[in-house]
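Reading through the structure tokens given below for one structure.
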Amino acid sequence: MAYPGYGAPPPGGPAGDPLYGYFSAVAGQDGQISADELQACLTQSGMSGSYKPFSLETCRLMINMLDRDYSGSMGFAEFKELSSVLNGWKQNFMSYDHDRSGTVEGPEMQQSLASMGYNLSPNALNIIVRRYSFQGRIPFDEYVACCIKLRSLTRSATFQYDDFIQCTMNT
């Protein structure tokens, strides 16, 4: 048994956080994780739930969503923030997956997005469903990708041309 000051990390630090074990298992020497490391970390931690692992593309979107220094990687603080965001989206997804199929359909997606404040026109919703669904059903991985895109596109009330290009090209 290690005691504080004798080889043990200080209490309350990141090592005391249950998420830190998953993060540190895949993080490099620099304390950052890449998209493929994030994919492994999310799978090992069970954050994707009983759903299939997140795709590498969705993991890239997750990193870009929180990559404030444009490093293309994620530190532990960003990982904790991502965990919180993912848990919220997962709860929302589960509450609208009425048939417990692991997917949401158009009407469920509309209700889910409306509950998050996205009141979309039928045309906009149709575009989203066509983009993120497979045979009309949106799996959790694609649901998260959609939520990331919507969050990125609606983060700012007004866009300058450069902001719009950065936002749409970065996600």
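Following the order of the structure tokens, chains are lettered A, B, ..., residues in each are numbered from 1, and ligands are numbered from 1.
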
| Neighbour list for range 103-112 of chain A as a ChimeraX atom specification, cut-off 8 Å, only C-alpha atoms, skip fewer than 5 positions in-chain | /A:92-93,96-98,120,125-126,129,136-140

Output the selection as an mmCIF file, in the first residue's frame - C-alpha atoms for each residue.
```
data_model
loop_
_atom_site.group_PDB
_atom_site.id
_atom_site.type_symbol
_atom_site.label_atom_id
_atom_site.label_comp_id
_atom_site.auth_asym_id
_atom_site.auth_seq_id
_atom_site.Cartn_x
_atom_site.Cartn_y
_atom_site.Cartn_z
ATOM 1 C CA ASN A 92 -31.507 10.996 -24.208
ATOM 2 C CA PHE A 93 -31.093 8.299 -26.862
ATOM 3 C CA TYR A 96 -36.515 7.894 -27.085
ATOM 4 C CA ASP A 97 -35.583 4.381 -28.223
ATOM 5 C CA HIS A 98 -39.080 3.224 -27.265
ATOM 6 C CA LEU A 120 -36.178 21.468 -36.901
ATOM 7 C CA LEU A 125 -35.204 16.418 -40.058
ATOM 8 C CA ASN A 126 -35.602 14.420 -43.282
ATOM 9 C CA VAL A 129 -32.508 10.992 -41.068
ATOM 10 C CA GLY A 136 -34.571 4.474 -41.627
ATOM 11 C CA ARG A 137 -32.967 3.539 -38.293
ATOM 12 C CA ILE A 138 -30.250 5.619 -36.610
ATOM 13 C CA PRO A 139 -27.813 3.636 -34.425
ATOM 14 C CA PHE A 140 -26.193 5.220 -31.365
#
```

| request: Report as a PyMOL selection string: the residues of chain A with a DSSP assignment of helix (DSSP H, G or I), based on the backbone of this structure. | output: chain A and resi 14-16+18-26+35-45+56-66+76-96+106-115+122-132+140-154+161-169

For the structure I just gave you, how does DSSP split chain A - specifically, which residues are strand (DSSP E or B)? Reply as a short mmCIF file (atom, residue, chain, number, x, y, z; two decimals) with N, CA, C and O atoms, in the first residue's frame.
```cif
data_model
loop_
_atom_site.label_atom_id
_atom_site.label_comp_id
_atom_site.auth_asym_id
_atom_site.auth_seq_id
_atom_site.Cartn_x
_atom_site.Cartn_y
_atom_site.Cartn_z
N PRO A 4 0.28 8.79 0.55
CA PRO A 4 0.57 10.08 -0.07
C PRO A 4 1.96 10.57 0.34
O PRO A 4 2.33 10.51 1.50
N ALA A 8 2.50 7.38 -3.89
CA ALA A 8 1.09 7.38 -4.28
C ALA A 8 0.72 8.75 -4.81
O ALA A 8 1.26 9.77 -4.35
N ILE A 33 -4.67 11.51 -26.09
CA ILE A 33 -5.11 10.35 -26.86
C ILE A 33 -5.58 10.79 -28.24
O ILE A 33 -6.15 11.86 -28.41
N MET A 74 -6.70 14.55 -27.43
CA MET A 74 -7.52 14.91 -26.29
C MET A 74 -6.79 14.59 -24.99
O MET A 74 -6.25 13.49 -24.84
N THR A 103 -31.70 1.60 -31.80
CA THR A 103 -31.75 2.61 -32.86
C THR A 103 -32.95 3.52 -32.60
O THR A 103 -33.86 3.17 -31.85
N VAL A 104 -32.92 4.69 -33.22
CA VAL A 104 -34.10 5.56 -33.22
C VAL A 104 -34.52 5.78 -34.66
O VAL A 104 -33.69 5.80 -35.57
N PHE A 134 -29.65 4.01 -41.38
CA PHE A 134 -29.50 2.83 -42.22
C PHE A 134 -30.89 2.20 -42.26
O PHE A 134 -31.39 1.76 -41.22
N ARG A 137 -33.27 3.70 -39.72
CA ARG A 137 -32.97 3.54 -38.29
C ARG A 137 -31.58 4.12 -38.00
O ARG A 137 -30.62 3.82 -38.69
N ILE A 138 -31.50 4.94 -36.97
CA ILE A 138 -30.25 5.62 -36.61
C ILE A 138 -29.64 4.93 -35.39
O ILE A 138 -30.20 4.99 -34.29
N PRO A 139 -28.48 4.27 -35.57
CA PRO A 139 -27.81 3.64 -34.43
C PRO A 139 -27.14 4.69 -33.54
O PRO A 139 -26.95 5.84 -33.94
#
```

| field | For Met94 in chain A, the nearest of the candidates A:Gln135, A:Tyr143, A:Phe79, A:Ser45, counting only C-alpha atoms | value | A:Tyr143

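Using only C-alpha atoms for every distance, the candidate list A:Leu19, A:Leu153, A:Ala35, A:Ala124 yields A:Ala35 as the residue closest to Ser55 in chain A.
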
| said: Could you list, as a ChimeraX atom specification, every residue within 12 Å of Tyr20 in chain A, counting only C-alpha atoms and ignoring same-chain residues fewer than 4 positions away? | reply: /A:12-16,24-27,31-32,41-42,45,75-80,83

| note | Between CA of Gly117 in chain A and CA of Ser84 in chain A lies a distance of 18.2 Å

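Every protein, DNA or RNA residue with an atom at most 12 Å from Phe54 in chain A, where only C-alpha atoms count and chain neighbours fewer than 6 positions away do not, is listed here: Ala35, Asp36, Glu37, Leu38, Gln39, Ala40, Cys41, Leu42, Thr43, Gln44, Gly46, Met47, Ser48, Arg60, Leu61, Met62, Leu86, Pro139, Phe140, Asp141, Glu142, Tyr143, Val144 and Ala145 of chain A.
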
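Put simply, CA of Ser152 in chain A is 22.4 Å away from CA of Pro53 in chain A.
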